[in-house]
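Asker: There's a structure below that I have some questions on.
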Amino acid sequence: MSSQFIIYACPLGDLAEQLDRYFEHSLRLCGRNAAHNYMPHCTLTGFFKDDETAVPIYVEAIAQSLTQAPPPPDPVITITGMTFRPDWHGLELQSDWLKQVITNVAQLAISPTRQEPLRLKDWLHLSLAYELASEHAEKLAHLAHTYIDMKLPVQWELRFYQRHIDHTWTCHQGWSMVNG
């Protein structure tokens, strides 16, 4: 039976704490939007289906790609801005290094049980709110400016997740992305 998998880059440290406070306050003040259904993350692949028996193939492909990659830049991911559109609020991100790592993962992750190629994401971002009620847009933007300091250093972890039918998650492995 096939399962859904995805590869994310997840923030750690100060940014993760700020995002937790932002999501907690946004939920309390404005109610749930689609961003509350996920942990804070930057999506690197689309969801893909494969058998659970293939998990070691992906774990090995990610580990090998990271080992073969040149040392990561500092910062690994640059936050280039905060964007507030009517349908989406979030952090705009940039990392050519990480895009290359994920391209290599896609080339290395050869699974006989996956039916489709991995879909790599070109637009790197971290969603703060989407599918939001228009009357909450201004308040959510204010909360983002209040709680999120884009100038703080950020550590990131590459994670391989499985999403279950009941919308719970299993993180099969995480890899720190730190220079040195």
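How things are named: the first chain in the structure tokens is A, the next is B, and so on; residues count from 1 in each chain; ligands count from 1 in the order shown.
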If we count only C-alpha atoms and set the cut-off at 7 Å, which residues sit around segment 5-21 of chain A, ignoring sequence neighbours fewer than 4 positions away in its own chain? Please answer as a VMD selection string.
Answerer: chain A and resid 25 40 to 49 147 to 148 154 to 163
Asker: DSSP on the backbone: what in chain A comes out helix (DSSP H, G or I), as an MDAnalysis selection string?
Answerer: chainID A and resid 13:30 34:37 52:68 96:108 134:147
Asker: For a quick check of understanding, using only C-alpha atoms, which of A:Met82, A:Ala129, A:Leu140, A:Cys171 has the smallest distance to His36 of chain A?
Answerer: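 Using only C-alpha atoms, His36 of chain A sits closest to A:Ala129.
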Asker: List as a ChimeraX atom specification the protein and nucleic acid residues near Ser26 of chain A, meaning an atom at most 10 Å away when only C-alpha atoms are counted, but skip any in the same chain fewer than 3 places from it.
Answerer: /A:20-23,29-33,36,128-129,136,139-141,143-144
Asker: Can I get the selected residues back with N, CA, C and O atoms, as an mmCIF file, in the first residue's frame?
Answerer:
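Okay, this is what ended up in result.cif:
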data_model
loop_
_atom_site.group_PDB
_atom_site.id
_atom_site.type_symbol
_atom_site.label_atom_id
_atom_site.label_comp_id
_atom_site.auth_asym_id
_atom_site.auth_seq_id
_atom_site.Cartn_x
_atom_site.Cartn_y
_atom_site.Cartn_z
ATOM 1 N N ASP A 20 6.391 29.653 16.153
ATOM 2 C CA ASP A 20 5.444 29.015 17.079
ATOM 3 C C ASP A 20 4.560 30.067 17.749
ATOM 4 O O ASP A 20 3.341 29.887 17.859
ATOM 5 N N ARG A 21 5.172 31.170 18.196
ATOM 6 C CA ARG A 21 4.392 32.246 18.831
ATOM 7 C C ARG A 21 3.427 32.877 17.825
ATOM 8 O O ARG A 21 2.272 33.142 18.139
ATOM 9 N N TYR A 22 3.911 33.120 16.603
ATOM 10 C CA TYR A 22 3.055 33.697 15.569
ATOM 11 C C TYR A 22 1.845 32.794 15.309
ATOM 12 O O TYR A 22 0.706 33.258 15.286
ATOM 13 N N PHE A 23 2.083 31.494 15.092
ATOM 14 C CA PHE A 23 0.978 30.581 14.787
ATOM 15 C C PHE A 23 0.010 30.446 15.962
ATOM 16 O O PHE A 23 -1.203 30.375 15.772
ATOM 17 N N LEU A 29 -6.366 34.612 17.589
ATOM 18 C CA LEU A 29 -6.992 35.874 17.200
ATOM 19 C C LEU A 29 -7.819 35.792 15.914
ATOM 20 O O LEU A 29 -8.800 36.518 15.770
ATOM 21 N N CYS A 30 -7.401 34.928 14.984
ATOM 22 C CA CYS A 30 -8.045 34.910 13.664
ATOM 23 C C CYS A 30 -8.618 33.550 13.275
ATOM 24 O O CYS A 30 -9.211 33.422 12.212
ATOM 25 N N GLY A 31 -8.398 32.558 14.088
ATOM 26 C CA GLY A 31 -8.882 31.229 13.733
ATOM 27 C C GLY A 31 -7.927 30.522 12.788
ATOM 28 O O GLY A 31 -6.890 31.045 12.393
ATOM 29 N N ARG A 32 -8.314 29.333 12.425
ATOM 30 C CA ARG A 32 -7.474 28.448 11.634
ATOM 31 C C ARG A 32 -7.446 28.861 10.155
ATOM 32 O O ARG A 32 -8.456 29.243 9.592
ATOM 33 N N ASN A 33 -6.241 28.786 9.560
ATOM 34 C CA ASN A 33 -6.116 28.867 8.100
ATOM 35 C C ASN A 33 -5.274 27.664 7.682
ATOM 36 O O ASN A 33 -4.799 26.902 8.526
ATOM 37 N N HIS A 36 -1.964 26.369 9.321
ATOM 38 C CA HIS A 36 -1.979 25.707 10.621
ATOM 39 C C HIS A 36 -1.979 24.179 10.500
ATOM 40 O O HIS A 36 -1.778 23.485 11.494
ATOM 41 N N LEU A 128 3.072 31.517 6.098
ATOM 42 C CA LEU A 128 2.557 31.975 7.382
ATOM 43 C C LEU A 128 1.033 31.872 7.423
ATOM 44 O O LEU A 128 0.449 31.605 8.464
ATOM 45 N N ALA A 129 0.396 32.110 6.287
ATOM 46 C CA ALA A 129 -1.062 32.014 6.193
ATOM 47 C C ALA A 129 -1.456 31.858 4.732
ATOM 48 O O ALA A 129 -0.873 32.492 3.860
ATOM 49 N N HIS A 136 -9.084 38.995 7.939
ATOM 50 C CA HIS A 136 -7.985 38.751 8.875
ATOM 51 C C HIS A 136 -6.622 39.142 8.310
ATOM 52 O O HIS A 136 -5.623 39.103 9.027
ATOM 53 N N LYS A 139 -4.627 41.938 10.219
ATOM 54 C CA LYS A 139 -4.231 41.505 11.564
ATOM 55 C C LYS A 139 -3.109 40.462 11.483
ATOM 56 O O LYS A 139 -2.154 40.508 12.265
ATOM 57 N N LEU A 140 -3.198 39.532 10.524
ATOM 58 C CA LEU A 140 -2.152 38.519 10.363
ATOM 59 C C LEU A 140 -0.831 39.152 9.931
ATOM 60 O O LEU A 140 0.242 38.754 10.400
ATOM 61 N N ALA A 141 -0.886 40.134 9.052
ATOM 62 C CA ALA A 141 0.327 40.833 8.625
ATOM 63 C C ALA A 141 0.967 41.551 9.821
ATOM 64 O O ALA A 141 2.193 41.507 10.001
ATOM 65 N N LEU A 143 0.673 40.711 12.978
ATOM 66 C CA LEU A 143 1.262 39.677 13.849
ATOM 67 C C LEU A 143 2.607 39.206 13.302
ATOM 68 O O LEU A 143 3.557 39.016 14.065
ATOM 69 N N ALA A 144 2.688 39.018 11.994
ATOM 70 C CA ALA A 144 3.948 38.571 11.385
ATOM 71 C C ALA A 144 5.055 39.590 11.640
ATOM 72 O O ALA A 144 6.172 39.230 12.026
#
Asker: Can you list, as a ChimeraX atom specification, every protein, DNA or RNA residue that comes within 10 Å of Glu92 of chain A when you count only C-alpha atoms, leaving out same-chain residues fewer than 5 positions away?
Answerer: /A:42,78-83,123-127
Asker: Using the selection just defined, write its residues with N, CA, C and O atoms as a compact mmCIF listing (two decimals), in the first residue's frame.
Answerer:
# COMPACT_ATOMS: atom_id res chain seq x y z
N CYS A 42 9.79 24.78 4.64
CA CYS A 42 10.00 25.15 3.24
C CYS A 42 9.88 23.85 2.45
O CYS A 42 10.64 22.90 2.67
N THR A 78 18.58 31.88 2.66
CA THR A 78 18.47 33.32 2.91
C THR A 78 16.99 33.70 2.89
O THR A 78 16.27 33.34 1.96
N ILE A 79 16.57 34.41 3.91
CA ILE A 79 15.21 34.98 3.92
C ILE A 79 15.30 36.30 3.18
O ILE A 79 15.97 37.23 3.64
N THR A 80 14.67 36.38 2.02
CA THR A 80 14.80 37.58 1.18
C THR A 80 13.69 38.59 1.40
O THR A 80 13.80 39.72 0.95
N GLY A 81 12.64 38.18 2.09
CA GLY A 81 11.56 39.13 2.35
C GLY A 81 10.34 38.47 2.96
O GLY A 81 10.26 37.25 3.04
N MET A 82 9.42 39.32 3.39
CA MET A 82 8.13 38.87 3.90
C MET A 82 7.08 39.42 2.94
O MET A 82 7.09 40.60 2.63
N THR A 83 6.22 38.55 2.45
CA THR A 83 5.23 38.93 1.44
C THR A 83 3.82 38.76 1.98
O THR A 83 3.54 37.78 2.69
N TRP A 123 10.07 27.55 -6.24
CA TRP A 123 9.77 28.71 -5.40
C TRP A 123 9.92 28.29 -3.94
O TRP A 123 9.10 27.56 -3.40
N LEU A 124 11.01 28.74 -3.32
CA LEU A 124 11.25 28.41 -1.92
C LEU A 124 10.59 29.47 -1.05
O LEU A 124 10.79 30.67 -1.23
N HIS A 125 9.79 29.01 -0.09
CA HIS A 125 9.05 29.91 0.79
C HIS A 125 8.64 29.17 2.05
O HIS A 125 8.66 27.94 2.10
N LEU A 126 8.25 29.92 3.04
CA LEU A 126 7.68 29.39 4.27
C LEU A 126 6.35 30.09 4.47
O LEU A 126 6.31 31.31 4.64
N SER A 127 5.27 29.34 4.41
CA SER A 127 3.93 29.94 4.50
C SER A 127 3.58 30.30 5.93
O SER A 127 3.74 29.50 6.85
Asker: Might you pull out every residue within 7 Å of Ser2 of chain A, with only C-alpha atoms counted and same-chain residues fewer than 4 positions away left off, and present them as a list in words?
Answerer: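 After dropping sequence-adjacent residues, the list is Lys49, Asp50, Asp51 and Glu52 of chain A.
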Asker: Restricting it to N, CA, C and O atoms, dump the selection as a PDB file, in the first residue's frame.
Answerer:
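Result file out-v4.pdb:
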ATOM      1  N   LYS A  49       3.900   9.522  -3.781  1.00  0.00           N
ATOM      2  CA  LYS A  49       3.445   8.246  -3.223  1.00  0.00           C
ATOM      3  C   LYS A  49       4.462   7.161  -3.509  1.00  0.00           C
ATOM      4  O   LYS A  49       5.036   7.095  -4.600  1.00  0.00           O
ATOM      5  N   ASP A  50       4.668   6.322  -2.494  1.00  0.00           N
ATOM      6  CA  ASP A  50       5.545   5.172  -2.640  1.00  0.00           C
ATOM      7  C   ASP A  50       5.221   4.198  -1.512  1.00  0.00           C
ATOM      8  O   ASP A  50       4.500   4.548  -0.559  1.00  0.00           O
ATOM      9  N   ASP A  51       5.753   2.996  -1.615  1.00  0.00           N
ATOM     10  CA  ASP A  51       5.567   2.007  -0.559  1.00  0.00           C
ATOM     11  C   ASP A  51       6.439   2.367   0.638  1.00  0.00           C
ATOM     12  O   ASP A  51       7.542   2.916   0.460  1.00  0.00           O
ATOM     13  N   GLU A  52       5.976   2.027   1.825  1.00  0.00           N
ATOM     14  CA  GLU A  52       6.776   2.280   3.028  1.00  0.00           C
ATOM     15  C   GLU A  52       8.111   1.553   2.974  1.00  0.00           C
ATOM     16  O   GLU A  52       9.079   1.999   3.579  1.00  0.00           O
TER      17      GLU A  52
END
Asker: How far is it from atom CA of Ala61 of chain A to atom CA of Thr170 of chain A, in Å with one decimal?
Answerer: 18.0 Å
Asker: Considering only C-alpha atoms, state which residue in the set A:Arg28, A:Arg114, A:Ala69, A:Ser134 is at the smallest distance from Val101 of chain A.
Answerer: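 For Val101 of chain A, the nearest of the given residues is A:Ala69.
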Asker: What's the separation between atom CA of Ala63 of chain A and atom CA of His164 of chain A, in Å to one decimal place?
Answerer: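 These atoms are spaced 23.3 Å apart.
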Asker: For a test of reading the model, state the distance in Å between atom CA of Lys151 of chain A and atom CA of Pro73 of chain A, rounded to one decimal.
Answerer: 16.5 Å
Asker: Which residue is closest to Ala54 of chain A? Choose from A:Ile110, A:Leu98, A:Val76, A:Ala35 and count only C-alpha atoms.
Answerer: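 Of A:Ile110, A:Leu98, A:Val76, A:Ala35, the one nearest Ala54 of chain A is A:Ile110, counting only C-alpha atoms.
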Asker: Just list as a PyMOL selection string whatever in segment 99-180 of chain A DSSP marks as strand (DSSP E).
Answerer: chain A and resi 125-130+155-163+169-176
Asker: Determine the nearest neighbour of His172 of chain A from the options A:Leu27, A:Leu120, A:Leu132, A:Val55, counting only C-alpha atoms.
Answerer: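 Going through A:Leu27, A:Leu120, A:Leu132, A:Val55 one by one, the smallest distance to His172 of chain A is for A:Val55.
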